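Participant: Mind having a look at this structure? Questions to follow.
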Amino acid sequence: MSVARPIIHQTLDPLHRNWEYPEVIDSNTLLISTCMQPLVEFIPTEIIGLIIDEVVLADKKLGAFKTVKACSLTCYAFLQHSRRHIFSDIYAGETDKLLNFCNLLKDSPWIGQHVRSLWIVLPGRSYSFDQSLLSVHHHLKHMDQLKSIVIKGYSLEWTVDIPLSLRSTIVHLMHLPSVVDIRFIKIIAISPLDLAPCNLHTLTMTSANFMDKCRPLQSIKCHKLYLEDVIPSQWIRHLQKRKLFIDLKGLCIYLSSYIQQSLYFQLLSDIPYLEELDLRISDSTYSLFPSILAVPPPSLKCLKIRIHNSHLSMLTCLIDRLKKVADTAGHLVQHLSFNVMSRSSSISQVPLIQDVLADSSKWPVLQRMSLRVYVRDMWPSYDAPEAGWEDDLKLRLRNFLENRQSNFGFFYSITDAWTEHYDEDDKIDWHEMVRNPAD
């Protein structure tokens, strides 16, 4: 007696798997088809998807997709769900990787539908494209469901603009209706005309800028603008004279001690309907942000403060500055968020939240408070986190909330484990601290 099974050709790498017609084998062999038939028949597809999702979450904590790749080799039922995660984020960091990925899309165009995030590093001015890349880069257009694009200039030199040889393909991807996030890194002559057809949630400019003399026929639709390592005066000119953006409601600024405070203040004043302000500060820029919010935008609702590499001694200065912010902007803020990366687990003993929110009259409309504490202990020069510091911090916060007459929601995320996207709110595992029922 004999039964049929599908054949896997070429290699066990899921990128090159191909299912063809069955062949006859001996019935004593362990058969994929007979083993998987009950799984497909009795377990709903949605449940299989949830199982794969949990596997992916575990893989992300380990920084690799080894387990989900193994699942993709197990059976056809797992294959479709696994592909969605395996090909979700593509990093084409070097020219040879970009060429390899283009060839992969040429041979397997179905991969494009699974890609949600693409990171491209452009070649430097001294690099001459070979004909192999010129002939296949248009296959990138198979990624018709992209949501996020990162375009980075060559790491060893400033990139003026997107090379003409790649321009048509990259602009095509930027204009996809599914694309909501675009980030430029080290590109200093971006044409606003390329962004005018976009409908973005976030636009991130990291050491990047627009052309000075190019004026778009229509404004760029963008909800939130991230400015990192940029010159504020250039952006003040863009916002004042050229009216580049419409629907701009959020602004994220990485503060620099080398920039005059008045420029940051003027930058805020040029966004009349600003609702969300995200300030990224370090130990050297604590003194800047109170003056920035001396006259806050009247439409401000959300204030987020991200503190990186903080020394405990500097947190005392930070608390004093935050109290000044409460005097000027506290009556507007509905959502207050702190995201702290500290070098020491002794941060649990610093009364950051307790002191800032001590006077509830200064935060009359506060509805949500978020606290993210991440102790970075990845370098030997830093002390290892003390045992139980997370529980100590949670207890101090709970005691403070239970003794405070207020009805705002409190959400927290506390960890000493390395995690990717530690400063992105939508990718943080938030927990709500619920008061005792008796309260």
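FYI, nothing fancy with the structure tokens labels: chains A, B, ... in order, residues from 1 per chain, ligands from 1 as they appear.
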Could you name the residues that touch A:Pro197 at 8 Å or less, counting only C-alpha atoms, but leaving out those on the same chain fewer than 2 positions away, as a VMD selection string?
Facilitator: chain A and resid 175 193 to 195 199 220
Participant: Run DSSP on the backbone of this structure and report the residues of stretch 87-142 of chain A it assigns to alpha helix (DSSP H), as a list of chain:residue names.
Facilitator: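 Result set for stretch 87-142 of chain A (alpha helix (DSSP H)): A:Thr95, A:Asp96, A:Lys97, A:Leu98, A:Leu99, A:Asn100, A:Phe101, A:Cys102, A:Asn103, A:Leu104, A:Leu105, A:Lys106, A:Asp107, A:Gln131, A:Ser132, A:Leu133, A:Leu134.
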Participant: Neighbouring residues of A:Glu276 were defined as those with any atom within 7 Å, considering only C-alpha atoms; residues of the same chain fewer than 2 positions away were excluded. Please report them as a list in words.
Facilitator: Lys249, Gly250, Leu251, Leu274, Asp278, Leu300, Lys301, Cys302 and Leu303 of chain A
Participant: As a ChimeraX atom specification, please: the residues near stretch 53-59 of chain A (cut-off 8 Å, only C-alpha atoms, same-chain neighbours under 6 positions excluded).
Facilitator: /A:65-68,85
Participant: Check stretch 199-393 of chain A with DSSP on the backbone and list each residue it calls strand (DSSP E or B), as a VMD selection string.
Facilitator: chain A and resid 199 to 206 210 220 to 228 245 to 246 250 to 254 276 to 281 302 to 310 335 to 342 368 to 375
Participant: Report, in Å to a single decimal, how far apart atom CA of A:Arg396 and atom CA of A:Lys324 are.
Facilitator: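 Rounded to one decimal, the two atoms are 23.7 Å apart.
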Participant: For A:His142, which residue out of A:Leu225, A:Leu173, A:Leu166, A:Cys75 is the nearest one, using only C-alpha atoms?
Facilitator: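 Residue with the minimum atom-to-atom distance to A:His142: A:Leu173.
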Participant: For atom CA of A:Ser360 and atom CA of A:Phe410, quote the distance in Å rounded to one decimal.
Facilitator: 14.4 Å
Participant: By how many Å are atom CA of A:Ser282 and atom CA of A:Phe210 apart?
Facilitator: 26.7 Å
